[in-house]
$ cat run_9.tsv   # TSV, C-alpha atoms
chain	number	residue	atom	x	y	z
A	1035	MET	CA	0.00	0.00	0.00
A	1036	SER	CA	1.39	3.41	-0.91
A	1037	ASP	CA	2.09	6.06	1.69
A	1038	THR	CA	-0.86	8.16	0.47
A	1039	ALA	CA	-3.24	5.23	0.64
A	1040	THR	CA	-1.97	4.33	4.11
A	1041	ALA	CA	-2.46	7.91	5.25
A	1042	GLN	CA	-5.99	7.97	3.82
A	1043	HIS	CA	-6.79	4.66	5.52
A	1044	GLU	CA	-5.50	5.99	8.84
A	1045	ASP	CA	-7.51	9.20	8.40
A	1046	SER	CA	-10.73	7.33	7.70
A	1047	HIS	CA	-10.01	5.01	10.64
A	1048	ALA	CA	-9.37	8.00	12.93
A	1049	SER	CA	-12.67	9.58	11.90
A	1050	LEU	CA	-14.52	6.41	13.00
A	1051	VAL	CA	-12.66	5.82	16.27
A	1052	VAL	CA	-14.16	7.08	19.51
A	1053	ASP	CA	-11.82	7.46	22.45
A	1054	ASN	CA	-12.59	4.73	24.99
A	1055	LYS	CA	-12.28	7.05	27.99
A	1056	LYS	CA	-14.73	9.53	26.50
A	1057	LEU	CA	-17.20	6.82	25.51
A	1058	LEU	CA	-17.05	5.31	28.98
A	1059	MET	CA	-17.61	8.70	30.60
A	1060	TRP	CA	-20.61	9.44	28.36
A	1061	LEU	CA	-22.08	6.03	29.24
A	1062	PHE	CA	-21.52	6.76	32.92
A	1063	LEU	CA	-23.19	10.15	32.54
A	1064	GLY	CA	-26.12	8.48	30.80
A	1065	SER	CA	-26.51	6.12	33.77
A	1066	ASP	CA	-26.10	9.02	36.21
A	1067	CYS	CA	-28.93	10.75	34.33
A	1068	MET	CA	-31.19	7.84	35.28
A	1069	PHE	CA	-30.01	8.11	38.88
A	1070	PHE	CA	-30.75	11.82	39.16
A	1071	GLY	CA	-33.89	11.42	37.06
A	1072	THR	CA	-35.25	9.07	39.70
A	1073	LEU	CA	-34.30	11.34	42.59
A	1074	ILE	CA	-35.87	14.41	40.97
A	1075	SER	CA	-38.98	12.43	39.95
A	1076	THR	CA	-39.41	11.16	43.52
A	1077	HIS	CA	-39.17	14.69	44.90
A	1078	LEU	CA	-41.65	16.14	42.41
A	1079	ILE	CA	-44.13	13.29	42.83
A	1080	TYR	CA	-44.11	13.58	46.62
A	1081	ARG	CA	-44.59	17.33	46.27
A	1082	LYS	CA	-47.63	16.62	44.10
A	1083	LEU	CA	-49.03	13.99	46.47
A	1084	TYR	CA	-48.50	16.03	49.63
A	1085	PRO	CA	-48.69	19.67	48.54
A	1086	GLU	CA	-49.99	20.78	51.91
A	1087	SER	CA	-47.28	19.07	54.00
A	1088	PHE	CA	-44.77	21.88	53.69
A	1089	GLU	CA	-44.39	25.38	52.25
A	1090	PRO	CA	-40.77	25.64	51.11
A	1091	THR	CA	-40.97	29.19	49.71
A	1092	ALA	CA	-40.92	30.45	53.29
A	1093	LEU	CA	-37.50	28.84	53.70
A	1094	PHE	CA	-35.95	29.18	50.25
A	1095	SER	CA	-33.68	32.06	49.45
A	1096	LEU	CA	-34.02	32.34	45.70
A	1097	GLU	CA	-31.29	34.98	45.54
A	1098	LEU	CA	-28.79	32.62	47.17
A	1099	THR	CA	-29.78	29.72	44.93
A	1100	SER	CA	-29.58	31.91	41.81
A	1101	PHE	CA	-26.13	33.01	42.92
A	1102	SER	CA	-25.12	29.34	43.34
A	1103	THR	CA	-26.47	28.58	39.87
A	1104	PHE	CA	-24.54	31.51	38.40
A	1105	ILE	CA	-21.35	30.34	40.14
A	1106	LEU	CA	-21.74	26.81	38.81
A	1107	LEU	CA	-22.42	28.06	35.26
A	1108	MET	CA	-19.29	30.20	35.39
A	1109	SER	CA	-17.27	27.25	36.68
A	1110	SER	CA	-18.50	25.31	33.65
A	1111	PHE	CA	-17.29	28.16	31.45
A	1112	LEU	CA	-13.84	28.04	33.06
A	1113	MET	CA	-13.78	24.25	32.69
A	1114	ALA	CA	-14.50	24.61	28.97
A	1115	LEU	CA	-11.58	27.07	28.77
A	1116	ALA	CA	-9.34	24.64	30.69
A	1117	VAL	CA	-10.13	21.87	28.21
A	1118	SER	CA	-9.53	24.25	25.31
A	1119	ALA	CA	-6.19	25.35	26.82
A	1120	MET	CA	-5.12	21.72	27.15
A	1121	HIS	CA	-5.98	21.08	23.49
A	1122	LYS	CA	-3.76	24.03	22.57
A	1123	GLY	CA	-1.00	22.70	24.83
A	1124	GLU	CA	-1.08	25.71	27.14
A	1125	LEU	CA	-0.43	24.13	30.51
A	1126	LYS	CA	-0.26	27.41	32.46
A	1127	SER	CA	-3.60	28.56	31.12
A	1128	PHE	CA	-5.04	25.13	31.98
A	1129	ARG	CA	-3.84	25.45	35.59
A	1130	ARG	CA	-5.23	28.98	35.92
A	1131	ASN	CA	-8.66	27.90	34.71
A	1132	VAL	CA	-8.72	24.74	36.83
A	1133	ILE	CA	-7.92	26.80	39.94
A	1134	GLY	CA	-10.91	29.00	39.01
A	1135	VAL	CA	-13.17	25.94	38.63
A	1136	ILE	CA	-12.06	24.58	42.02
A	1137	PHE	CA	-12.62	27.97	43.65
A	1138	PHE	CA	-16.11	28.34	42.18
A	1139	GLY	CA	-16.94	24.74	43.10
A	1140	LEU	CA	-15.96	25.43	46.71
A	1141	ILE	CA	-18.13	28.57	46.75
A	1142	PHE	CA	-21.06	26.48	45.50
A	1143	LEU	CA	-20.50	23.90	48.25
A	1144	ALA	CA	-20.22	26.65	50.87
A	1145	CYS	CA	-23.58	28.07	49.70
A	1146	GLN	CA	-25.12	24.60	49.95
A	1147	VAL	CA	-23.74	24.03	53.45
A	1148	TYR	CA	-25.07	27.45	54.50
A	1149	GLU	CA	-28.49	26.62	53.02
A	1150	PHE	CA	-28.65	23.23	54.74
A	1151	ALA	CA	-27.60	24.76	58.07
A	1152	HIS	CA	-30.32	27.40	57.70
A	1153	PHE	CA	-32.96	24.75	56.90
A	1154	VAL	CA	-31.95	22.55	59.84
A	1155	HIS	CA	-32.07	25.61	62.08
A	1156	GLU	CA	-35.65	26.12	60.87
A	1157	ASP	CA	-36.46	22.50	61.87
A	1158	LEU	CA	-36.41	20.97	58.40
A	1159	THR	CA	-34.36	17.80	58.73
A	1160	LEU	CA	-34.08	14.58	56.76
A	1161	SER	CA	-36.83	12.99	58.87
A	1162	THR	CA	-39.19	15.96	59.32
A	1163	ASN	CA	-41.43	15.14	56.35
A	1164	THR	CA	-41.33	13.76	52.80
A	1165	PHE	CA	-40.15	17.14	51.47
A	1166	GLY	CA	-37.12	17.10	53.81
A	1167	SER	CA	-36.28	13.48	52.93
A	1168	THR	CA	-36.38	13.89	49.17
A	1169	PHE	CA	-34.89	17.41	49.16
A	1170	TYR	CA	-31.82	16.57	51.24
A	1171	LEU	CA	-31.27	13.27	49.42
A	1172	MET	CA	-31.41	14.89	45.99
A	1173	THR	CA	-29.43	18.08	46.67
A	1174	GLY	CA	-27.05	16.20	48.98
A	1175	THR	CA	-26.28	13.65	46.25
A	1176	HIS	CA	-25.62	16.51	43.87
A	1177	GLY	CA	-23.35	18.14	46.46
A	1178	VAL	CA	-21.37	14.89	46.79
A	1179	HIS	CA	-20.95	14.88	43.01
A	1180	VAL	CA	-19.60	18.45	43.17
A	1181	ALA	CA	-17.21	17.47	45.98
A	1182	ILE	CA	-15.94	14.48	43.96
A	1183	GLY	CA	-15.44	16.79	40.95
A	1184	ILE	CA	-13.44	19.25	43.05
A	1185	PHE	CA	-11.27	16.42	44.44
A	1186	TRP	CA	-10.68	15.13	40.90
A	1187	LEU	CA	-9.63	18.58	39.66
A	1188	ILE	CA	-7.35	19.17	42.64
A	1189	CYS	CA	-5.61	15.85	41.86
A	1190	MET	CA	-5.35	16.87	38.20
A	1191	TYR	CA	-3.91	20.28	39.16
A	1192	PHE	CA	-1.17	18.75	41.32
A	1193	TYR	CA	-0.50	16.07	38.72
A	1194	SER	CA	0.14	18.82	36.16
A	1195	HIS	CA	3.04	19.99	38.36
A	1196	THR	CA	4.77	16.60	38.40
A	1197	GLY	CA	5.98	16.96	34.84
A	1198	LYS	CA	4.37	13.64	33.88
A	1199	MET	CA	1.45	15.37	32.22
A	1200	ASP	CA	1.96	15.78	28.52
A	1201	ALA	CA	-0.09	18.72	27.30
A	1202	HIS	CA	-1.42	16.97	24.20
A	1203	GLU	CA	-1.75	13.37	25.41
A	1204	SER	CA	-3.48	14.42	28.63
A	1205	ALA	CA	-6.06	16.48	26.75
A	1206	VAL	CA	-8.48	13.54	26.71
A	1207	ASP	CA	-8.10	13.03	30.49
A	1208	VAL	CA	-8.88	16.69	31.06
A	1209	GLU	CA	-11.81	16.50	28.65
A	1210	VAL	CA	-13.25	13.53	30.56
A	1211	ALA	CA	-12.96	15.43	33.86
A	1212	GLY	CA	-14.59	18.39	32.10
A	1213	LEU	CA	-17.51	16.22	30.95
A	1214	TYR	CA	-18.12	15.16	34.55
A	1215	TRP	CA	-18.02	18.75	35.75
A	1216	HIS	CA	-20.41	19.99	33.05
A	1217	PHE	CA	-22.78	17.15	33.89
A	1218	VAL	CA	-22.88	18.30	37.52
A	1219	ASP	CA	-23.78	21.72	36.13
A	1220	ILE	CA	-26.66	20.49	33.94
A	1221	VAL	CA	-28.10	18.47	36.82
A	1222	TRP	CA	-28.16	21.65	38.87
A	1223	ILE	CA	-29.88	23.51	36.02
A	1224	VAL	CA	-32.72	20.97	36.25
A	1225	ILE	CA	-32.82	21.02	40.06
A	1226	PHE	CA	-32.84	24.84	40.13
A	1227	THR	CA	-35.89	24.99	37.88
A	1228	ALA	CA	-37.80	21.90	39.03
A	1229	VAL	CA	-37.18	22.14	42.77
A	1230	TYR	CA	-36.69	25.85	43.48
A	1231	LEU	CA	-38.30	28.02	40.78
A	1232	LEU	CA	-41.45	25.93	40.24
A	1233	GLU	CA	-42.32	26.33	43.94
A	1234	TYR	CA	-42.99	30.00	43.19
A	1235	VAL	CA	-45.35	29.26	40.30
A	1236	ASP	CA	-48.97	28.60	41.22
A	1237	PHE	CA	-50.25	26.16	38.62
B	336	MET	CA	4.41	6.40	-5.70
B	337	SER	CA	8.01	7.37	-5.10
B	338	GLU	CA	9.31	9.40	-2.22
B	339	ALA	CA	10.39	12.16	-4.62
B	340	ASN	CA	6.96	13.15	-5.95
B	341	TYR	CA	5.05	12.47	-2.71
B	342	ASP	CA	3.73	15.78	-1.57
B	343	PRO	CA	1.98	15.46	1.77
B	344	LEU	CA	-0.51	18.07	2.92
B	345	PRO	CA	1.15	20.70	5.05
B	346	VAL	CA	0.69	19.86	8.70
B	347	SER	CA	0.27	23.00	10.71
B	348	PRO	CA	-1.08	23.65	14.18
B	349	GLU	CA	-2.78	26.84	12.90
B	350	PRO	CA	-6.18	25.37	11.91
B	351	GLN	CA	-6.46	23.65	15.33
B	352	HIS	CA	-5.49	26.93	17.01
B	353	ASP	CA	-8.06	28.88	14.98
B	354	ALA	CA	-10.75	26.36	15.83
B	355	GLU	CA	-9.94	26.71	19.54
B	356	THR	CA	-10.02	30.53	19.21
B	357	ASP	CA	-13.46	30.29	17.60
B	358	LYS	CA	-14.57	28.02	20.43
B	359	TYR	CA	-13.30	30.57	22.95
B	360	HIS	CA	-15.62	33.24	21.53
B	361	THR	CA	-18.49	30.75	21.50
B	362	PHE	CA	-17.81	29.86	25.15
B	363	VAL	CA	-17.72	33.52	26.22
B	364	ASN	CA	-20.99	34.30	24.41
B	365	LEU	CA	-22.61	31.20	25.81
B	366	ALA	CA	-21.48	31.95	29.39
B	367	LEU	CA	-22.90	35.48	29.11
B	368	GLY	CA	-26.14	34.10	27.68
B	369	LEU	CA	-26.49	31.52	30.44
B	370	ALA	CA	-25.86	34.13	33.14
B	371	ALA	CA	-28.48	36.41	31.55
B	372	ILE	CA	-31.03	33.58	31.37
B	373	THR	CA	-30.49	32.77	35.07
B	374	GLY	CA	-31.16	36.43	35.85
B	375	ILE	CA	-34.33	36.39	33.72
B	376	GLU	CA	-35.54	33.24	35.52
B	377	LEU	CA	-35.04	34.88	38.90
B	378	VAL	CA	-37.01	37.99	37.91
B	379	LEU	CA	-39.71	36.04	36.06
B	380	VAL	CA	-41.07	34.21	39.13
B	381	TYR	CA	-41.83	37.52	40.85
B	382	LEU	CA	-43.61	39.14	37.87
B	383	PRO	CA	-47.44	39.26	37.86
B	384	PHE	CA	-47.82	37.37	34.59
B	385	ASN	CA	-50.04	34.44	33.74
B	386	GLN	CA	-48.74	31.45	35.71
B	387	ILE	CA	-48.94	29.06	32.77
B	388	PHE	CA	-46.88	31.52	30.72
B	389	ILE	CA	-44.28	31.74	33.49
B	390	LEU	CA	-44.19	27.97	33.87
B	391	SER	CA	-43.75	27.42	30.12
B	392	THR	CA	-41.05	30.10	29.89
B	393	LEU	CA	-39.13	28.68	32.86
B	394	LEU	CA	-39.20	25.19	31.38
B	395	ALA	CA	-38.16	26.46	27.94
B	396	LEU	CA	-35.26	28.51	29.38
B	397	SER	CA	-34.13	25.59	31.52
B	398	LEU	CA	-34.24	23.28	28.51
B	399	PHE	CA	-32.23	25.78	26.47
B	400	LYS	CA	-29.55	26.02	29.20
B	401	PHE	CA	-29.45	22.24	29.50
B	402	ILE	CA	-29.00	21.68	25.76
B	403	ALA	CA	-26.54	24.58	25.36
B	404	VAL	CA	-24.19	23.23	28.03
B	405	ILE	CA	-24.34	19.71	26.58
B	406	ALA	CA	-23.88	20.86	22.98
B	407	TRP	CA	-21.10	23.43	23.36
B	408	PHE	CA	-19.42	23.15	26.76
B	409	MET	CA	-19.48	19.34	26.58
B	410	HIS	CA	-18.48	19.44	22.88
B	411	LEU	CA	-21.27	17.09	21.86
B	412	ILE	CA	-21.90	18.91	18.58
B	413	TYR	CA	-18.20	18.59	17.72
B	414	ASP	CA	-18.04	14.89	18.68
B	415	LYS	CA	-19.21	11.58	17.23
B	416	LEU	CA	-22.88	10.65	17.01
B	417	LEU	CA	-22.20	7.54	19.10
B	418	LEU	CA	-21.55	9.73	22.17
B	419	THR	CA	-24.86	11.54	21.67
B	420	LEU	CA	-26.60	8.15	21.48
B	421	ALA	CA	-24.80	6.92	24.64
B	422	PHE	CA	-25.99	9.92	26.62
B	423	GLY	CA	-29.35	10.21	24.85
B	424	THR	CA	-30.27	6.66	25.86
B	425	GLY	CA	-29.77	7.47	29.54
B	426	MET	CA	-31.69	10.72	29.14
B	427	ALA	CA	-34.57	8.97	27.38
B	428	ILE	CA	-34.83	6.34	30.12
B	429	ALA	CA	-34.70	9.03	32.83
B	430	THR	CA	-37.42	11.06	31.10
B	431	GLY	CA	-39.52	7.92	30.56
B	432	THR	CA	-39.17	7.03	34.25
B	433	PHE	CA	-40.32	10.51	35.24
B	434	VAL	CA	-43.35	10.41	32.93
B	435	ALA	CA	-44.30	6.86	33.97
B	436	LEU	CA	-43.98	7.64	37.67
B	437	GLY	CA	-46.00	10.82	37.14
B	438	PHE	CA	-48.89	8.80	35.73
B	439	ILE	CA	-48.65	5.90	38.19
B	440	MET	CA	-48.38	8.13	41.25
B	441	SER	CA	-51.05	10.68	40.32
B	442	ARG	CA	-53.50	11.48	43.10
B	443	SER	CA	-56.31	9.63	41.34
B	444	ASN	CA	-54.27	6.41	41.31
B	445	VAL	CA	-53.04	6.58	44.90
B	446	ASP	CA	-55.16	5.66	47.89
B	447	MET	CA	-54.32	8.71	50.00
B	448	GLU	CA	-56.48	7.58	52.93
B	449	ALA	CA	-54.61	4.29	53.18
B	450	ILE	CA	-51.26	6.12	53.14
B	451	THR	CA	-52.42	8.62	55.76
B	452	ALA	CA	-53.73	5.80	57.97
B	453	PHE	CA	-50.40	3.99	57.65

$ encode --input "run_9.tsv" --output "structure tokens"
Amino acid sequence: MSDTATAQHEDSHASLVVDNKKLLMWLFLGSDCMFFGTLISTHLIYRKLYPESFEPTALFSLELTSFSTFILLMSSFLMALAVSAMHKGELKSFRRNVIGVIFFGLIFLACQVYEFAHFVHEDLTLSTNTFGSTFYLMTGTHGVHVAIGIFWLICMYFYSHTGKMDAHESAVDVEVAGLYWHFVDIVWIVIFTAVYLLEYVDF
Amino acid sequence: MSEANYDPLPVSPEPQHDAETDKYHTFVNLALGLAAITGIELVLVYLPFNQIFILSTLLALSLFKFIAVIAWFMHLIYDKLLLTLAFGTGMAIATGTFVALGFIMSRSNVDMEAITAF
């Protein structure tokens, strides 16, 4: 086979190949969708069955939650920039953006801890009623996902300082971490609308 | 084909760099758009509009944010169709579960008195 033919064959092969790590992460995210789908469904169905059991708008601070949402969206933006920087081989830019993502992720977690503390202070615990059970389980699971994402990015940040991280070869690893982080963001987009905003709409 | 007349395409990092620069502008515009939508959502729930209108708008905006993050931030529009199918399957099952549970657990299908007694 000539060099040109070999090159063409390799090109066509490359266009068909999907990176295993990325495929596995997308499959995991698909399964995580089912997990969160069930948690959110359970919360909404119990809200529909027992609408009179609890009035959450008296407890919710929509300004705080909107701020958390904004923070998480901006962290997603920085994560996209980090992935882009890695594709360009700019390790310093990658580190800068990852630090930003970690910082924003920690702010989000701090807001969630503050919100939970406020709710518990107002006597809404995991065992108070069905709203408390489903709310804490759902938002808590999301918070754990955020915490895992932060831990992952911290590991990645320190790993980038060891010199073992090749800017181009590690781009896929960073992209996979980015997919996880963006997923955490889209789950929050759904929770923000379905759990917080819809409580204020009388339909 | 001999080595002498083999003329490979010039390999340059420039196109990749340009593509990433284009993506940067897309990401900035998208981030601004998402922030603006979140602001609109916050204001919308306090406005004295028709509740069905507010509900529909909130759901539409949320759906837009959801799809925008998946398509651009998660690179799904730049990637292979297989990845969309992998994620779409999970999404379809999750949505199906929600719809099915919604029908099964509607007030008319649940014996509320029995639950309350329990």

$ atom_distance --input "run_9.tsv" --atom1 "atom CA of Pro1090 of chain A" --atom2 "atom CA of Glu1233 of chain A"
7.4 Å

$ atom_distance --input "run_9.tsv" --atom1 "atom CA of Gly1177 of chain A" --atom2 "atom CA of Leu436 of chain B"
24.8 Å

$ residues_around --input "run_9.tsv" --residues "Ala435 of chain B" --least-positions-apart "3" --cutoff "12 Å" --atoms "all atoms listed in the file" --output "JSON, numbers by chain"
{"A": [1071, 1072, 1075, 1076, 1079], "B": [427, 428, 429, 430, 431, 432, 438, 439, 440, 441]}

$ residues_around --input "run_9.tsv" --residues "Leu420 of chain B" --least-positions-apart "2" --cutoff "12 Å" --atoms "all atoms listed in the file" --output "PyMOL selection string"
(chain A and resi 1057+1060-1061+1063-1064) or (chain B and resi 411+414-418+422-427)

$ atom_distance --input "run_9.tsv" --atom1 "atom CA of Glu448 of chain B" --atom2 "atom CA of His1077 of chain A"
20.4 Å

$ interface_residues --input "run_9.tsv" --of "chain A" --to "chain B" --cutoff "8 Å" --atoms "all atoms listed in the file" --output "JSON, numbers by chain"
{"A": [1036, 1037, 1038, 1052, 1057, 1060, 1061, 1063, 1064, 1065, 1066, 1067, 1068, 1069, 1070, 1071, 1072, 1075, 1079, 1082, 1083, 1096, 1097, 1100, 1103, 1104, 1107, 1108, 1110, 1111, 1114, 1115, 1118, 1121, 1122, 1212, 1213, 1216, 1217, 1220, 1223, 1224, 1227, 1231, 1232, 1234, 1235, 1236, 1237]}

$ closest_residue --input "run_9.tsv" --among "A:Ala1228, A:Val1154, A:Asn1131, A:Phe1094" --to "Ala395 of chain B" --atoms "all atoms listed in the file"
A:Ala1228

$ closest_residue --input "run_9.tsv" --among "B:Asn444, B:Ala406, B:Ala449, B:Ser391" --to "Thr361 of chain B" --atoms "all atoms listed in the file"
B:Ala406

$ closest_residue --input "run_9.tsv" --among "A:Met1059, A:Ala1144, A:Leu1073, A:Met1172" --to "Glu1209 of chain A" --atoms "only C-alpha atoms"
A:Met1059

$ closest_residue --input "run_9.tsv" --among "A:Gly1183, A:Leu1158, A:Val1221, A:Lys1126" --to "Phe1138 of chain A" --atoms "only C-alpha atoms"
A:Gly1183

$ axis_aligned_box --input "run_9.tsv" --around "segment 1156-1173 of chain A" --padding-each-side "6 Å" --output "lines of an AutoDock Vina configuration file"
center_x = -35.4
center_y = 19.6
center_z = 53.9
size_x = 24.0
size_y = 25.1
size_z = 27.9

$ decode --input "run_9.tsv" --residues "segment 1143-1153 of chain A" --atoms "all heavy atoms" --output "PDB file, in the first residue's frame"
ATOM      1  N   LEU A1143     -20.323  24.800  47.099  1.00  0.00           N
ATOM      2  CA  LEU A1143     -20.500  23.899  48.245  1.00  0.00           C
ATOM      3  C   LEU A1143     -20.744  24.696  49.530  1.00  0.00           C
ATOM      4  O   LEU A1143     -21.571  24.305  50.361  1.00  0.00           O
ATOM      5  CB  LEU A1143     -19.270  23.007  48.414  1.00  0.00           C
ATOM      6  CG  LEU A1143     -19.182  21.775  47.511  1.00  0.00           C
ATOM      7  CD1 LEU A1143     -17.977  20.922  47.897  1.00  0.00           C
ATOM      8  CD2 LEU A1143     -20.445  20.917  47.578  1.00  0.00           C
ATOM      9  N   ALA A1144     -20.036  25.803  49.675  1.00  0.00           N
ATOM     10  CA  ALA A1144     -20.219  26.652  50.865  1.00  0.00           C
ATOM     11  C   ALA A1144     -21.656  27.173  50.919  1.00  0.00           C
ATOM     12  O   ALA A1144     -22.283  27.188  51.985  1.00  0.00           O
ATOM     13  CB  ALA A1144     -19.219  27.805  50.842  1.00  0.00           C
ATOM     14  N   CYS A1145     -22.188  27.585  49.758  1.00  0.00           N
ATOM     15  CA  CYS A1145     -23.579  28.067  49.700  1.00  0.00           C
ATOM     16  C   CYS A1145     -24.538  26.943  50.101  1.00  0.00           C
ATOM     17  O   CYS A1145     -25.521  27.179  50.807  1.00  0.00           O
ATOM     18  CB  CYS A1145     -23.929  28.554  48.288  1.00  0.00           C
ATOM     19  SG  CYS A1145     -23.156  30.107  47.854  1.00  0.00           S
ATOM     20  N   GLN A1146     -24.241  25.732  49.637  1.00  0.00           N
ATOM     21  CA  GLN A1146     -25.125  24.602  49.952  1.00  0.00           C
ATOM     22  C   GLN A1146     -25.074  24.269  51.453  1.00  0.00           C
ATOM     23  O   GLN A1146     -26.116  24.012  52.066  1.00  0.00           O
ATOM     24  CB  GLN A1146     -24.720  23.383  49.126  1.00  0.00           C
ATOM     25  CG  GLN A1146     -25.805  22.323  49.107  1.00  0.00           C
ATOM     26  CD  GLN A1146     -25.584  21.266  48.046  1.00  0.00           C
ATOM     27  OE1 GLN A1146     -24.466  20.819  47.829  1.00  0.00           O
ATOM     28  NE2 GLN A1146     -26.645  20.850  47.389  1.00  0.00           N
ATOM     29  N   VAL A1147     -23.881  24.294  52.018  1.00  0.00           N
ATOM     30  CA  VAL A1147     -23.744  24.030  53.453  1.00  0.00           C
ATOM     31  C   VAL A1147     -24.501  25.093  54.250  1.00  0.00           C
ATOM     32  O   VAL A1147     -25.227  24.788  55.202  1.00  0.00           O
ATOM     33  CB  VAL A1147     -22.243  24.001  53.863  1.00  0.00           C
ATOM     34  CG1 VAL A1147     -22.086  24.020  55.382  1.00  0.00           C
ATOM     35  CG2 VAL A1147     -21.562  22.768  53.283  1.00  0.00           C
ATOM     36  N   TYR A1148     -24.371  26.360  53.827  1.00  0.00           N
ATOM     37  CA  TYR A1148     -25.073  27.452  54.498  1.00  0.00           C
ATOM     38  C   TYR A1148     -26.587  27.244  54.411  1.00  0.00           C
ATOM     39  O   TYR A1148     -27.309  27.405  55.397  1.00  0.00           O
ATOM     40  CB  TYR A1148     -24.689  28.785  53.836  1.00  0.00           C
ATOM     41  CG  TYR A1148     -25.474  29.963  54.363  1.00  0.00           C
ATOM     42  CD1 TYR A1148     -25.132  30.576  55.574  1.00  0.00           C
ATOM     43  CD2 TYR A1148     -26.579  30.459  53.663  1.00  0.00           C
ATOM     44  CE1 TYR A1148     -25.871  31.638  56.065  1.00  0.00           C
ATOM     45  CE2 TYR A1148     -27.324  31.522  54.145  1.00  0.00           C
ATOM     46  CZ  TYR A1148     -26.964  32.108  55.340  1.00  0.00           C
ATOM     47  OH  TYR A1148     -27.703  33.156  55.828  1.00  0.00           O
ATOM     48  N   GLU A1149     -27.049  26.847  53.225  1.00  0.00           N
ATOM     49  CA  GLU A1149     -28.491  26.623  53.017  1.00  0.00           C
ATOM     50  C   GLU A1149     -28.996  25.479  53.896  1.00  0.00           C
ATOM     51  O   GLU A1149     -30.041  25.603  54.559  1.00  0.00           O
ATOM     52  CB  GLU A1149     -28.754  26.303  51.544  1.00  0.00           C
ATOM     53  CG  GLU A1149     -30.227  26.216  51.196  1.00  0.00           C
ATOM     54  CD  GLU A1149     -30.462  25.758  49.764  1.00  0.00           C
ATOM     55  OE1 GLU A1149     -29.793  24.800  49.333  1.00  0.00           O
ATOM     56  OE2 GLU A1149     -31.298  26.359  49.081  1.00  0.00           O
ATOM     57  N   PHE A1150     -28.260  24.384  53.921  1.00  0.00           N
ATOM     58  CA  PHE A1150     -28.646  23.229  54.743  1.00  0.00           C
ATOM     59  C   PHE A1150     -28.684  23.620  56.228  1.00  0.00           C
ATOM     60  O   PHE A1150     -29.610  23.239  56.946  1.00  0.00           O
ATOM     61  CB  PHE A1150     -27.659  22.066  54.542  1.00  0.00           C
ATOM     62  CG  PHE A1150     -27.892  21.260  53.288  1.00  0.00           C
ATOM     63  CD1 PHE A1150     -28.722  21.722  52.279  1.00  0.00           C
ATOM     64  CD2 PHE A1150     -27.282  20.027  53.113  1.00  0.00           C
ATOM     65  CE1 PHE A1150     -28.933  20.991  51.118  1.00  0.00           C
ATOM     66  CE2 PHE A1150     -27.491  19.267  51.961  1.00  0.00           C
ATOM     67  CZ  PHE A1150     -28.310  19.762  50.967  1.00  0.00           C
ATOM     68  N   ALA A1151     -27.670  24.356  56.659  1.00  0.00           N
ATOM     69  CA  ALA A1151     -27.605  24.764  58.068  1.00  0.00           C
ATOM     70  C   ALA A1151     -28.816  25.630  58.416  1.00  0.00           C
ATOM     71  O   ALA A1151     -29.419  25.478  59.488  1.00  0.00           O
ATOM     72  CB  ALA A1151     -26.303  25.524  58.328  1.00  0.00           C
ATOM     73  N   HIS A1152     -29.161  26.513  57.497  1.00  0.00           N
ATOM     74  CA  HIS A1152     -30.323  27.395  57.701  1.00  0.00           C
ATOM     75  C   HIS A1152     -31.611  26.569  57.798  1.00  0.00           C
ATOM     76  O   HIS A1152     -32.451  26.808  58.675  1.00  0.00           O
ATOM     77  CB  HIS A1152     -30.403  28.394  56.542  1.00  0.00           C
ATOM     78  CG  HIS A1152     -31.642  29.215  56.532  1.00  0.00           C
ATOM     79  ND1 HIS A1152     -31.956  30.103  57.546  1.00  0.00           N
ATOM     80  CD2 HIS A1152     -32.668  29.273  55.647  1.00  0.00           C
ATOM     81  CE1 HIS A1152     -33.113  30.670  57.280  1.00  0.00           C
ATOM     82  NE2 HIS A1152     -33.574  30.188  56.136  1.00  0.00           N
ATOM     83  N   PHE A1153     -31.754  25.597  56.909  1.00  0.00           N
ATOM     84  CA  PHE A1153     -32.964  24.750  56.903  1.00  0.00           C
ATOM     85  C   PHE A1153     -33.065  23.923  58.188  1.00  0.00           C
ATOM     86  O   PHE A1153     -34.145  23.794  58.769  1.00  0.00           O
ATOM     87  CB  PHE A1153     -32.957  23.806  55.693  1.00  0.00           C
ATOM     88  CG  PHE A1153     -33.239  24.489  54.377  1.00  0.00           C
ATOM     89  CD1 PHE A1153     -33.456  25.863  54.305  1.00  0.00           C
ATOM     90  CD2 PHE A1153     -33.295  23.764  53.194  1.00  0.00           C
ATOM     91  CE1 PHE A1153     -33.706  26.497  53.096  1.00  0.00           C
ATOM     92  CE2 PHE A1153     -33.551  24.385  51.982  1.00  0.00           C
ATOM     93  CZ  PHE A1153     -33.749  25.757  51.929  1.00  0.00           C
TER      94      PHE A1153
END
